[in-house]
$ cat work.cif   # mmCIF, C-alpha atoms
data_entry
#
loop_
_atom_site.label_atom_id
_atom_site.label_comp_id
_atom_site.auth_asym_id
_atom_site.auth_seq_id
_atom_site.Cartn_x
_atom_site.Cartn_y
_atom_site.Cartn_z
CA MET A 1 8.40 22.50 0.29
CA PHE A 2 5.34 20.35 -0.33
CA GLU A 3 4.85 19.49 -4.00
CA PRO A 4 1.31 18.46 -5.05
CA GLN A 5 1.29 15.39 -7.31
CA PRO A 6 -1.54 13.90 -9.40
CA GLY A 7 -3.64 11.54 -7.30
CA MET A 8 -2.89 13.22 -3.97
CA ARG A 9 -5.77 14.49 -1.83
CA VAL A 10 -4.84 18.02 -0.84
CA VAL A 11 -6.10 21.29 0.49
CA VAL A 12 -4.75 24.38 -1.27
CA ARG A 13 -5.19 27.92 0.03
CA TYR A 14 -4.76 30.50 -2.70
CA SER A 15 -5.53 34.09 -3.60
CA ASP A 16 -8.50 34.59 -5.92
CA GLY A 17 -9.32 38.17 -6.86
CA GLY A 18 -7.57 39.48 -3.78
CA GLN A 19 -9.35 37.11 -1.40
CA LEU A 20 -8.05 33.87 0.11
CA THR A 21 -10.02 30.73 -0.67
CA ASP A 22 -9.48 26.98 -0.31
CA ALA A 23 -9.72 24.10 -2.75
CA LEU A 24 -9.97 20.59 -1.29
CA GLY A 25 -9.84 17.43 -3.36
CA HIS A 26 -7.63 15.20 -5.46
CA VAL A 27 -4.97 16.70 -7.69
CA LEU A 28 -5.89 16.12 -11.33
CA ALA A 29 -2.82 17.74 -12.87
CA ALA A 30 0.27 19.66 -11.80
CA ASP A 31 2.86 21.45 -13.88
CA ALA A 32 5.33 24.29 -13.49
CA ASP A 33 2.60 26.92 -13.78
CA SER A 34 -0.48 25.52 -12.09
CA VAL A 35 -2.18 22.84 -10.02
CA THR A 36 -5.66 21.54 -10.89
CA VAL A 37 -7.77 20.24 -7.99
CA ASP A 38 -10.99 18.25 -8.36
CA SER A 39 -12.96 20.15 -5.71
CA LYS A 40 -16.65 19.95 -4.77
CA ARG A 41 -17.32 22.87 -7.09
CA GLY A 42 -15.60 21.10 -9.98
CA PRO A 43 -12.04 21.19 -11.31
CA VAL A 44 -10.20 24.29 -10.13
CA ARG A 45 -7.03 25.41 -11.92
CA ILE A 46 -4.83 27.31 -9.50
CA GLU A 47 -1.87 29.38 -10.64
CA ARG A 48 1.18 28.46 -8.58
CA ALA A 49 1.99 32.13 -8.04
CA SER A 50 -1.33 32.53 -6.16
CA ILE A 51 -0.81 29.57 -3.78
CA GLU A 52 -0.33 30.61 -0.15
CA LEU A 53 -0.36 27.17 1.46
CA ALA A 54 -0.81 23.55 0.38
CA HIS A 55 -0.60 20.24 2.18
CA GLU A 56 -1.66 16.63 1.73
CA ILE A 57 -4.59 15.23 3.69
CA PRO A 58 -5.74 11.63 4.29
CA PRO A 59 -8.55 9.95 2.33
CA ALA A 60 -12.00 11.25 3.20
CA PRO A 61 -13.98 9.35 5.87
CA GLN A 62 -16.96 7.42 4.53
CA ARG A 63 -18.90 7.06 7.78
CA PRO A 64 -18.77 8.19 11.43
CA GLY A 65 -16.25 6.57 13.73
CA PRO A 66 -12.54 6.46 14.55
CA VAL A 67 -10.41 7.95 11.78
CA HIS A 68 -8.56 4.71 11.02
CA SER A 69 -11.77 2.74 10.51
CA THR A 70 -13.86 5.18 8.46
CA VAL A 71 -11.93 5.32 5.18
CA SER A 72 -13.06 3.12 2.31
CA ALA A 73 -11.49 -0.23 1.54
CA ALA A 74 -10.65 1.09 -1.94
CA ASP A 75 -8.69 3.99 -0.44
CA LEU A 76 -6.68 1.61 1.75
CA ARG A 77 -5.98 -0.68 -1.17
CA ARG A 78 -4.78 2.35 -3.12
CA ILE A 79 -2.42 3.28 -0.27
CA SER A 80 -1.17 -0.29 0.07
CA ALA A 81 -0.42 -0.31 -3.67
CA GLN A 82 1.28 3.08 -3.49
CA VAL A 83 3.80 1.86 -0.91
CA TRP A 84 4.68 -1.36 -2.79
CA LEU A 85 4.73 -0.24 -6.41
CA PRO A 86 6.86 -2.07 -9.01
CA GLY A 87 8.63 -0.09 -11.69
CA GLU A 88 6.43 -1.74 -14.30
CA SER A 89 2.89 -0.69 -13.43
CA VAL A 90 0.06 0.67 -15.54
CA TRP A 91 -3.58 1.63 -15.08
CA LEU A 92 -6.16 -0.30 -17.07
CA ASN A 93 -9.25 1.77 -17.81
CA ARG A 94 -11.26 2.91 -20.81
CA ASP A 95 -8.47 5.13 -22.13
CA ALA A 96 -5.70 2.60 -21.46
CA VAL A 97 -7.56 -0.26 -23.16
CA ALA A 98 -8.10 1.98 -26.17
CA GLU A 99 -4.34 2.50 -26.28
CA GLU A 100 -3.82 -1.26 -25.77
CA LEU A 101 -1.84 -0.63 -22.60
CA THR A 102 1.07 0.83 -24.53
CA SER A 103 2.33 3.12 -21.78
CA ASP A 104 6.10 3.23 -21.43
CA GLU A 105 7.49 0.80 -18.87
CA GLY A 106 7.47 2.41 -15.45
CA ALA A 107 5.06 5.18 -16.48
CA ILE A 108 1.97 5.52 -14.30
CA SER A 109 -1.13 7.33 -15.52
CA SER A 110 -2.17 10.15 -13.22
CA VAL A 111 -5.75 8.85 -13.49
CA GLU A 112 -5.96 6.60 -10.45
CA SER A 113 -8.99 4.66 -11.59
CA GLY A 114 -9.68 1.26 -13.02
CA TRP A 115 -7.35 -1.70 -12.43
CA LEU A 116 -3.69 -1.31 -11.54
CA LEU A 117 -1.53 -3.88 -13.35
CA ARG A 118 1.81 -4.57 -11.64
CA ALA A 119 4.74 -6.77 -12.61
CA ALA A 120 8.01 -7.50 -10.80
CA ALA A 121 9.75 -10.78 -11.56
CA GLY A 122 10.72 -12.65 -8.41
CA ALA A 123 8.52 -10.55 -6.12
CA ASP A 124 5.31 -11.41 -4.25
CA ALA A 125 1.70 -11.46 -5.39
CA ARG A 126 1.03 -7.85 -4.41
CA ALA A 127 3.70 -6.79 -6.93
CA ASN A 128 2.47 -9.25 -9.57
CA SER A 129 -1.28 -8.84 -9.74
CA ALA A 130 -3.90 -6.51 -11.14
CA LEU A 131 -5.55 -4.59 -8.31
CA VAL A 132 -9.25 -4.33 -9.14
CA LEU A 133 -9.65 -0.88 -7.63
CA THR A 134 -12.59 0.76 -9.40
CA ASP A 135 -14.83 0.15 -12.41
CA PRO A 136 -12.52 0.34 -15.47
CA GLN A 137 -15.42 1.65 -17.58
CA VAL A 138 -15.05 -1.23 -20.04
CA PRO A 139 -16.81 -4.62 -19.97
CA ALA A 140 -15.33 -6.91 -17.32
CA GLU A 141 -14.68 -9.61 -19.94
CA GLU A 142 -12.63 -7.17 -22.01
CA ALA A 143 -10.68 -5.96 -18.97
CA LEU A 144 -9.95 -9.54 -17.86
CA GLY A 145 -8.75 -10.42 -21.34
CA ALA A 146 -6.40 -7.42 -21.32
CA VAL A 147 -5.01 -8.55 -17.96
CA GLU A 148 -4.39 -12.07 -19.24
CA LYS A 149 -2.53 -10.81 -22.30
CA TRP A 150 -0.48 -8.26 -20.33
CA TYR A 151 0.85 -10.85 -17.88
CA ILE A 152 1.36 -13.64 -20.42
CA ASP A 153 3.37 -11.22 -22.58
CA ARG A 154 5.68 -10.81 -19.57
CA GLY A 155 6.01 -14.51 -18.86
CA LEU A 156 3.93 -14.21 -15.68
CA PRO A 157 0.71 -15.95 -14.64
CA PRO A 158 -2.33 -13.65 -14.89
CA ALA A 159 -3.43 -12.67 -11.37
CA LEU A 160 -5.93 -10.29 -9.81
CA GLN A 161 -6.34 -8.81 -6.35
CA ILE A 162 -9.94 -8.40 -5.20
CA PHE A 163 -11.27 -7.19 -1.86
CA SER A 164 -14.33 -6.82 0.34
CA GLY A 165 -16.02 -3.53 1.08
CA GLU A 166 -15.73 -3.98 4.84
CA ALA A 167 -14.69 -6.53 7.45
CA GLY A 168 -16.47 -9.80 6.76
CA GLY A 169 -18.73 -8.10 4.22
CA GLU A 170 -19.49 -8.59 0.56
CA LEU A 171 -17.01 -7.88 -2.21
CA ASP A 172 -16.40 -4.29 -3.19
CA SER A 173 -18.50 -3.37 -6.22
CA ALA A 174 -15.59 -3.38 -8.70
CA SER A 175 -14.39 -6.76 -7.41
CA ALA A 176 -17.90 -8.19 -7.55
CA GLN A 177 -18.20 -7.27 -11.24
CA VAL A 178 -15.29 -9.50 -12.21
CA SER A 179 -15.48 -12.21 -9.54
CA GLN A 180 -18.10 -14.29 -11.39
CA LEU A 181 -15.77 -14.52 -14.40
CA LEU A 182 -12.74 -15.84 -12.55
CA ARG A 183 -13.46 -19.54 -12.04
CA PRO A 184 -14.71 -20.09 -15.62
CA ALA A 185 -11.48 -18.44 -16.82
CA GLY A 186 -9.36 -20.81 -14.72
CA PHE A 187 -8.57 -18.50 -11.80
CA SER A 188 -8.39 -19.89 -8.25
CA PRO A 189 -8.58 -17.75 -5.09
CA SER A 190 -5.82 -17.55 -2.51
CA ASP A 191 -6.25 -17.86 1.23
CA THR A 192 -7.88 -14.88 2.91
CA TRP A 193 -5.86 -11.83 3.87
CA LEU A 194 -6.87 -9.20 6.42
CA THR A 195 -6.19 -5.49 6.28
CA MET A 196 -6.00 -4.24 9.86
CA THR A 197 -5.86 -0.61 10.97
CA ALA A 198 -5.30 1.29 14.20
CA PRO A 199 -4.61 4.77 15.63
CA ALA A 200 -0.84 5.31 15.38
CA ARG A 201 -0.49 6.83 18.85
CA GLU A 202 -2.43 4.00 20.49
CA VAL A 203 -0.17 1.43 18.88
CA ALA A 204 2.97 3.35 19.82
CA GLY A 205 2.00 3.46 23.49
CA ALA A 206 4.71 4.15 26.03
CA ALA A 207 6.42 0.77 26.02
CA GLN A 208 10.18 0.47 25.66
CA PRO A 209 12.02 -2.39 23.91
CA PRO A 210 12.66 -5.42 26.13
CA GLN A 211 15.93 -5.42 28.02
CA GLY A 212 18.84 -6.41 25.82
CA LEU A 213 17.05 -5.37 22.64
CA GLU A 214 17.80 -2.23 20.63
CA ILE A 215 15.63 -0.78 17.85
CA VAL A 216 17.76 0.71 15.08
CA GLN A 217 16.34 2.72 12.18
CA SER A 218 17.69 3.35 8.70
CA ASP A 219 16.46 5.02 5.53
CA GLN A 220 18.07 2.29 3.42
CA ALA A 221 17.42 -1.44 3.19
CA HIS A 222 20.64 -3.33 3.86
CA ALA A 223 21.71 -6.80 2.78
CA VAL A 224 20.91 -8.15 6.24
CA HIS A 225 17.30 -6.97 5.83
CA LEU A 226 16.87 -8.63 2.45
CA ALA A 227 18.35 -11.85 3.80
CA ALA A 228 15.97 -11.81 6.78
CA TRP A 229 12.99 -11.21 4.49
CA GLY A 230 14.08 -13.88 2.02
CA HIS A 231 14.29 -11.36 -0.82
CA ASP A 232 16.92 -11.54 -3.54
CA ASP A 233 19.36 -8.63 -3.31
CA THR A 234 18.63 -7.16 -6.73
CA GLU A 235 18.20 -3.62 -8.01
CA ASP A 236 14.54 -4.32 -8.75
CA MET A 237 13.86 -5.59 -5.23
CA ARG A 238 15.64 -2.62 -3.66
CA ALA A 239 13.61 -0.29 -5.88
CA LEU A 240 10.41 -2.03 -4.74
CA LEU A 241 11.38 -1.69 -1.08
CA HIS A 242 11.99 2.04 -1.61
CA SER A 243 8.97 2.64 -3.86
CA ALA A 244 6.86 4.42 -1.22
CA PRO A 245 7.03 8.22 -0.94
CA GLN A 246 8.79 7.73 2.40
CA VAL A 247 10.25 4.57 3.96
CA ILE A 248 12.01 3.77 7.22
CA PHE A 249 13.56 0.38 7.97
CA LEU A 250 13.62 -0.75 11.59
CA SER A 251 15.78 -3.51 13.00
CA ALA A 252 15.51 -5.26 16.37
CA VAL A 253 19.08 -5.96 17.44
CA ALA A 254 20.05 -8.19 20.36
CA LEU A 255 22.84 -6.88 22.59
CA HIS A 256 24.89 -9.80 23.92
CA PRO A 257 26.98 -9.83 27.14
CA ASP A 258 30.21 -10.14 25.15
CA GLY A 259 29.41 -6.91 23.30
CA SER A 260 28.37 -8.56 20.05
CA LYS A 261 25.09 -7.87 18.29
CA SER A 262 22.74 -9.94 16.15
CA LEU A 263 19.60 -9.22 14.15
CA VAL A 264 16.43 -10.50 15.80
CA GLY A 265 13.83 -8.98 13.50
CA ALA A 266 13.01 -6.23 11.04
CA VAL A 267 10.07 -4.25 9.69
CA ARG A 268 9.46 -1.62 7.03
CA LEU A 269 7.41 1.52 7.72
CA ALA A 270 6.08 3.20 4.59
CA ILE A 271 4.22 6.51 4.58
CA ALA A 272 1.80 7.64 1.88
CA SER A 273 -1.38 9.71 1.75
CA LYS A 274 -0.86 10.67 5.42
CA TRP A 275 -1.07 7.02 6.46
CA GLY A 276 1.58 4.75 7.91
CA TRP A 277 1.88 1.22 6.53
CA VAL A 278 3.72 -1.61 8.28
CA ASP A 279 4.99 -4.49 6.18
CA ASN A 280 7.89 -6.92 5.82
CA LEU A 281 7.63 -7.75 9.52
CA VAL A 282 9.84 -10.72 10.35
CA VAL A 283 11.30 -12.14 13.56
CA ASN A 284 13.89 -14.91 13.82
CA PRO A 285 11.78 -18.07 14.40
CA GLN A 286 14.14 -19.18 17.19
CA LEU A 287 13.74 -15.86 19.02
CA ARG A 288 9.99 -15.30 18.89
CA ARG A 289 7.75 -14.57 21.90
CA ARG A 290 10.40 -12.29 23.40
CA GLY A 291 8.74 -9.01 22.46
CA ALA A 292 10.75 -8.17 19.34
CA GLY A 293 7.78 -8.13 16.96
CA LYS A 294 5.74 -5.96 19.31
CA ALA A 295 8.66 -3.58 19.84
CA LEU A 296 9.19 -3.22 16.08
CA VAL A 297 5.54 -2.42 15.33
CA GLN A 298 5.38 0.02 18.26
CA ALA A 299 8.55 1.76 17.09
CA ALA A 300 7.14 2.07 13.57
CA ALA A 301 3.89 3.53 14.90
CA ARG A 302 5.81 5.96 17.08
CA LEU A 303 7.82 7.23 14.12
CA ALA A 304 4.62 7.71 12.14
CA ALA A 305 2.88 9.51 15.00
CA VAL A 306 5.67 12.04 15.50
CA GLN A 307 5.24 13.01 11.84
CA GLY A 308 1.58 13.77 12.43
CA ILE A 309 0.33 10.48 10.97
CA ARG A 310 -2.88 9.53 12.77
CA SER A 311 -3.58 6.08 11.30
CA ILE A 312 -1.56 2.99 10.49
CA GLY A 313 -2.37 -0.14 8.52
CA CYS A 314 -1.01 -3.62 7.88
CA ASP A 315 -1.88 -6.65 5.74
CA VAL A 316 -1.72 -10.08 7.39
CA LEU A 317 -2.67 -13.59 6.33
CA ALA A 318 -5.83 -14.58 8.22
CA ALA A 319 -4.35 -18.02 8.92
CA ASN A 320 -1.31 -16.41 10.56
CA GLU A 321 -2.99 -16.34 13.95
CA GLU A 322 0.19 -15.35 15.79
CA ALA A 323 0.73 -12.22 13.70
CA ALA A 324 -2.96 -11.30 13.76
CA ALA A 325 -3.00 -11.68 17.56
CA LEU A 326 0.10 -9.49 17.88
CA LEU A 327 -1.56 -6.73 15.88
CA ALA A 328 -4.88 -7.09 17.72
CA GLY A 329 -3.05 -6.83 21.04
CA LEU A 330 -1.62 -3.49 19.91
CA GLY A 331 -5.03 -2.08 18.99
CA PHE A 332 -5.37 -3.09 15.33
CA LYS A 333 -8.84 -4.09 14.12
CA GLU A 334 -9.91 -5.77 10.91
CA HIS A 335 -10.95 -3.23 8.29
CA HIS A 336 -11.58 -5.45 5.25
CA ARG A 337 -10.39 -8.61 3.53
CA PHE A 338 -8.69 -9.34 0.23
CA TRP A 339 -7.68 -12.26 -1.97
CA PHE A 340 -5.46 -13.00 -4.93
CA ALA A 341 -6.84 -14.99 -7.86
CA VAL A 342 -4.23 -16.67 -10.07
CA GLN A 343 -4.91 -18.44 -13.33
CA GLU A 344 -4.16 -22.10 -12.56
CA ALA A 345 -2.83 -23.01 -16.00
CA ALA A 346 -0.10 -20.38 -15.67
CA ALA A 347 0.47 -20.53 -11.90
CA GLY A 348 3.92 -21.04 -10.44
CA GLY A 349 5.64 -17.84 -11.50
CA ILE A 350 4.86 -15.82 -8.37
CA THR A 351 4.55 -16.37 -4.66
CA GLU A 352 1.35 -15.62 -2.83
CA GLN A 353 2.95 -13.82 0.08
CA PRO A 354 2.41 -10.06 0.03
CA ALA A 355 4.78 -7.92 2.05
CA GLY A 356 2.71 -8.14 5.21
CA ALA A 357 3.15 -9.32 8.76
#

$ encode --input "work.cif" --output "structure tokens"
Amino acid sequence: MFEPQPGMRVVVRYSDGGQLTDALGHVLAADADSVTVDSKRGPVRIERASIELAHEIPPAPQRPGPVHSTVSAADLRRISAQVWLPGESVWLNRDAVAEELTSDEGAISSVESGWLLRAAAGADARANSALVLTDPQVPAEEALGAVEKWYIDRGLPPALQIFSGEAGGELDSASAQVSQLLRPAGFSPSDTWLTMTAPAREVAGAAQPPQGLEIVQSDQAHAVHLAAWGHDDTEDMRALLHSAPQVIFLSAVALHPDGSKSLVGAVRLAIASKWGWVDNLVVNPQLRRRGAGKALVQAAARLAAVQGIRSIGCDVLAANEEAAALLAGLGFKEHHRFWFAVQEAAAGGITEQPAGA
């Protein structure tokens, strides 16, 4: 049975005075007795006993066009964060700053606004940076200072993730507010990353894996996956890999004439907010250009599509022309861009590579 959680965008049909009515919006609170939805008519508290039907829906479109291209960059960054969420994460906003970010380790505020601070020793930049999602409702200087202290207290270099509002466009408003403070504070930007999106069914197509290649799926990450991705096989890394609401791990396995098998490539499909997200795509460098990468992404899209997921996304380094071309050939288009900014004086504790293609 579907269970509404704070932050989800849902539609709830319920009985009100003997008549059925709907509430559509983000869940503000949920407990054993009721669910509160931030609808167009304001917050609506719905008794669970009156609920007839409830299900999650994707982020609202912001403009006309194909579904995958009309959501906001902020919504996609929120989804990307949701599927790669370290155990130690906290929201920085007016309330959190007032409490001096004293939330218990691993506790996430249900208020999905402000900046999302994430820490995971030994992981990539996406798990070790503050996502500047929305205006934190405190002065940017104060928010940046809180970020610096939070990361330094954990022995990590302060880092932020900022993004553009659209492909090739200006910075999103929240990112623009803090961007002018970064260089004076000793932060340097990373190379450019692209967020690319596509219709899941179009990506899936009708293609089959190349001859001699088998696509195997699993709901658990195995040691062979972590080795292929270059991740340490630790409890924290496994928790990070499984942090999305739903994950499926796909392996491209070569079938040899003597009956033996070997891993050619792997990818992770994560599902959140009715979107599919492809990351941790890797192919053995000696076995590239044989269709394994394409087959893995298509298989991931197919699995998403059969679950009713209409759109799929992926983050890729702009300089990785081979990966970007693979995605473009499958129907992905650039949605927006993002960057990491790391404080130079403290740099060296994290890697820049997010879990993308």

$ residues_around --input "work.cif" --residues "Arg41 in chain A" --least-positions-apart "5" --cutoff "12 Å" --atoms "all atoms listed in the file" --output "PyMOL selection string"
chain A and resi 22-25

$ resolve_selection --input "work.cif" --expression "the PyMOL selection byres ((chain A and resi 29) around 9)" --output "PyMOL selection string"
chain A and resi 4-7+27-28+30-31+34-37+45+110

$ residues_around --input "work.cif" --residues "Gly168 in chain A" --least-positions-apart "5" --cutoff "10 Å" --atoms "all atoms listed in the file" --output "ChimeraX atom specification"
/A:194,334-337

$ closest_atom_pairs --input "work.cif" --of "range 202-260 of chain A" --to "range 126-137 of chain A" --cutoff "12 Å" --atoms "only C-alpha atoms" --output "CSV"
residue,atom,partner,partner_atom,distance
A:Asp236,CA,A:Ala127,CA,11.3
A:Met237,CA,A:Ala127,CA,10.4
A:Ala239,CA,A:Ala127,CA,11.9
A:Leu240,CA,A:Ala127,CA,8.5
A:Leu241,CA,A:Ala127,CA,10.9
A:Ser243,CA,A:Ala127,CA,11.2

$ atom_distance --input "work.cif" --atom1 "CA of Gly331 in chain A" --atom2 "CA of Gly205 in chain A"
10.0 Å

$ atom_distance --input "work.cif" --atom1 "CA of Ala223 in chain A" --atom2 "CA of Asp124 in chain A"
18.4 Å

$ resolve_selection --input "work.cif" --expression "the PyMOL selection byres ((chain A and resi 242) around 12)" --output "list of chain:residue names"
A:Gln82, A:Val83, A:Trp84, A:Leu85, A:Pro86, A:Gly87, A:Ser218, A:Asp219, A:Gln220, A:Ala221, A:His222, A:Glu235, A:Asp236, A:Met237, A:Arg238, A:Ala239, A:Leu240, A:Leu241, A:Ser243, A:Ala244, A:Pro245, A:Gln246, A:Val247, A:Ile248, A:Phe249, A:Arg268, A:Leu269, A:Ala270, A:Ile271

$ resolve_selection --input "work.cif" --expression "the PyMOL selection byres ((chain A and resi 284-293) around 8)" --output "PyMOL selection string"
chain A and resi 209-210+213+228+252+264-265+281-283+294-297+326

$ residues_around --input "work.cif" --residues "range 61-72 of chain A" --least-positions-apart "3" --cutoff "7 Å" --atoms "only C-alpha atoms" --output "PyMOL selection string"
chain A and resi 75-76+197-199+311+335
